[in-house]
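*Asks:* Provided herewith is a single structure, encoded as structure tokens, for subsequent inquiry.
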Amino acid sequence: MDKCYRCEEPGTSAEHVPPKCLFPTRADIPEKDYRINLITVPSCDLHNTAKSMDDEFLMVSLAGIIGNNSIGYLHKFGKVERALRRRSYKLLDKVILNKQIVHRIPTNNGFLEVLWGTPDIKRLHNCLQNIAYALHFYHFKSKFKGTVKSHFGYLHYSKGNSATWNEFITKRAEIDLKGKSYIGSNPDVFKYMVSDTDKFGLYIIKLCFYGGLSVYVVFIPEGKTVPENPAMQFLNAGIPAVITLHDEKFHFEPKHQSSE
Ligand SMILES: [Zn+2]
């Protein structure tokens, strides 16, 4: 029996990467099959996230976000809505902390309800970390040893350094991924691309959900370190910093002057 994608235990089940519930069924969208050649990896009981509530959490977190393609929306109003209703919308309190207002955005066929609040980033990072390890196992046929850092290109930061940092990381990752092609049998739901290894031994996998939600995962293998960023040293010393990336300039303000 194959070993688990994450540890040395025997794999007792096949874990879907990403979770199967993100892919609409024929019952939800009869026109097309969105469950072709789903990616699976061997998993032990401990590391099979389907046994935790994380799969459902991720589905509710990702589907129906502004920027998604129509498949994401349809899924949101089908399976996701049913999952929410089943648990009297309590699941939503876990996905979005400090839930504030439900915005109603007019669309061609009625209204689209949008929640505004702070997503449970810590749990999202955890989910994405599992997907990253599993996808690595699938793509490279080897277990990843090291640390991963995930970055959510789709989250909107109000302003200040977080917003600038978000733009900067996204731009930087896109440069590293230039010329690479997406991989995936159900690209409307999920596809990914892998960068080359850079001079520091790091590489990036970009995950794309529902055509519009991008998550960049940086893989830092054991024994490798992320290069020290000189701009961060300036910021820590209270000096504003500008990072230039190709033709674009990113301005960062030290914390005490920042408008965050
Ligand atoms: Zn395991």
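We name chains A, B, ... following the order of the structure tokens; residues begin at 1 in each chain, and ligands are numbered from 1 as shown.
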Give me, as a ChimeraX atom specification, all polymer residues having an atom no more than 8 Å from stretch 209-222 of chain A, counting only C-alpha atoms and skipping those fewer than 3 positions away in the same chain.

*Replies:* /A:62-63,67-72,132,144-154,170,173,187-191,201-206,225-226

*Asks:* Check stretch 124-213 of chain A with DSSP on the backbone and list each residue it calls alpha helix (DSSP H), as a PyMOL selection string.

*Replies:* chain A and resi 124-140+161-176

*Asks:* Which residues are near A:Ile39? Cut-off 10 Å, only C-alpha atoms, ignore same chain within fewer than 4 positions. Put them as a PyMOL selection string.

*Replies:* chain A and resi 14-20+35+134-135+138-139+184-185

*Asks:* Quick check, in Å to one decimal: how far apart do atom CA of A:Asp54 and atom CA of A:Thr25 lie?

*Replies:* 19.3 Å

*Asks:* Ligand 1: which residues are within 9 Å, counting only C-alpha atoms and all ligand atoms? Reply as a PyMOL selection string.

*Replies:* chain A and resi 3-11+42-48

*Asks:* Run DSSP on the backbone and give me the residues of stretch 150-219 of chain A it puts in strand (DSSP E or B), as JSON, numbers by chain.

*Replies:* {"A": [150, 151, 152, 183, 184, 185, 186, 190, 191, 192, 193, 194, 203, 204, 205, 206, 207, 208, 209, 213, 214, 215, 216, 217, 218, 219]}

*Asks:* Using N, CA and C atoms, can you export the residues from the last selection as a short mmCIF file (atom, residue, chain, number, x, y, z; two decimals), in the first residue's frame?

*Replies:*
```cif
data_model
loop_
_atom_site.label_atom_id
_atom_site.label_comp_id
_atom_site.auth_asym_id
_atom_site.auth_seq_id
_atom_site.Cartn_x
_atom_site.Cartn_y
_atom_site.Cartn_z
N SER A 150 1.41 30.43 2.00
CA SER A 150 0.39 30.70 1.00
C SER A 150 0.01 32.17 1.04
N HIS A 151 -0.34 32.66 -0.15
CA HIS A 151 -0.67 34.07 -0.29
C HIS A 151 -1.94 34.17 -1.13
N PHE A 152 -2.94 34.85 -0.61
CA PHE A 152 -4.22 34.91 -1.28
C PHE A 152 -4.32 36.13 -2.17
N ILE A 183 -2.37 23.47 -15.53
CA ILE A 183 -2.59 22.03 -15.57
C ILE A 183 -3.92 21.77 -14.86
N GLY A 184 -4.71 20.82 -15.38
CA GLY A 184 -5.97 20.46 -14.70
C GLY A 184 -7.03 20.05 -15.69
N SER A 185 -7.80 19.01 -15.36
CA SER A 185 -8.83 18.49 -16.27
C SER A 185 -10.15 19.23 -16.15
N ASN A 186 -10.32 20.00 -15.07
CA ASN A 186 -11.56 20.77 -14.87
C ASN A 186 -11.20 22.23 -14.60
N PHE A 190 -10.85 24.20 -11.07
CA PHE A 190 -9.51 24.25 -10.48
C PHE A 190 -8.43 23.97 -11.52
N LYS A 191 -7.37 24.77 -11.47
CA LYS A 191 -6.20 24.52 -12.30
C LYS A 191 -4.98 25.06 -11.55
N TYR A 192 -3.80 24.60 -11.93
CA TYR A 192 -2.60 25.08 -11.22
C TYR A 192 -1.44 25.19 -12.18
N MET A 193 -0.43 25.98 -11.80
CA MET A 193 0.81 26.01 -12.58
C MET A 193 2.00 26.08 -11.63
N VAL A 194 3.13 25.58 -12.12
CA VAL A 194 4.32 25.44 -11.27
C VAL A 194 5.46 26.25 -11.86
N TYR A 203 10.37 27.57 -5.02
CA TYR A 203 9.50 27.59 -6.18
C TYR A 203 8.06 27.86 -5.76
N ILE A 204 7.23 28.20 -6.75
CA ILE A 204 5.86 28.63 -6.48
C ILE A 204 4.89 27.72 -7.22
N ILE A 205 3.79 27.36 -6.57
CA ILE A 205 2.66 26.76 -7.28
C ILE A 205 1.50 27.76 -7.17
N LYS A 206 0.95 28.12 -8.31
CA LYS A 206 -0.22 29.00 -8.32
C LYS A 206 -1.47 28.15 -8.45
N LEU A 207 -2.40 28.31 -7.52
CA LEU A 207 -3.65 27.59 -7.58
C LEU A 207 -4.71 28.57 -8.06
N CYS A 208 -5.57 28.13 -8.96
CA CYS A 208 -6.63 29.01 -9.43
C CYS A 208 -7.97 28.30 -9.31
N PHE A 209 -8.87 28.88 -8.50
CA PHE A 209 -10.20 28.30 -8.28
C PHE A 209 -11.25 29.10 -9.04
N LEU A 213 -10.02 33.04 -8.62
CA LEU A 213 -9.39 33.14 -7.31
C LEU A 213 -8.00 32.54 -7.36
N SER A 214 -6.99 33.39 -7.18
CA SER A 214 -5.63 32.89 -7.25
C SER A 214 -5.01 32.81 -5.87
N VAL A 215 -4.35 31.69 -5.61
CA VAL A 215 -3.58 31.54 -4.38
C VAL A 215 -2.18 31.14 -4.79
N TYR A 216 -1.20 31.86 -4.28
CA TYR A 216 0.20 31.55 -4.60
C TYR A 216 0.81 30.86 -3.40
N VAL A 217 1.41 29.69 -3.64
CA VAL A 217 2.06 28.98 -2.55
C VAL A 217 3.56 28.92 -2.83
N VAL A 218 4.34 29.46 -1.90
CA VAL A 218 5.79 29.42 -2.04
C VAL A 218 6.30 28.21 -1.26
N PHE A 219 7.09 27.37 -1.93
CA PHE A 219 7.67 26.18 -1.30
C PHE A 219 9.11 26.49 -0.89
#
```

*Asks:* Would you please work out which residue, of A:Ser181, A:Ser162, A:Thr197, A:Ser13, is nearest to A:Glu253 when using only C-alpha atoms?

*Replies:* A:Ser162

*Asks:* I'd like to know which of A:Asp2, A:Thr49, A:Lys79, A:Glu248 is closest to A:Pro24, using only C-alpha atoms.

*Replies:*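 Selected residue with least distance to A:Pro24: A:Lys79.
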
*Asks:* Just the number, please: distance in Å from atom CA of A:Trp165 to atom CA of A:Asp247, one decimal.

*Replies:*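 Atom CA of A:Trp165 sits 16.3 Å away from atom CA of A:Asp247.
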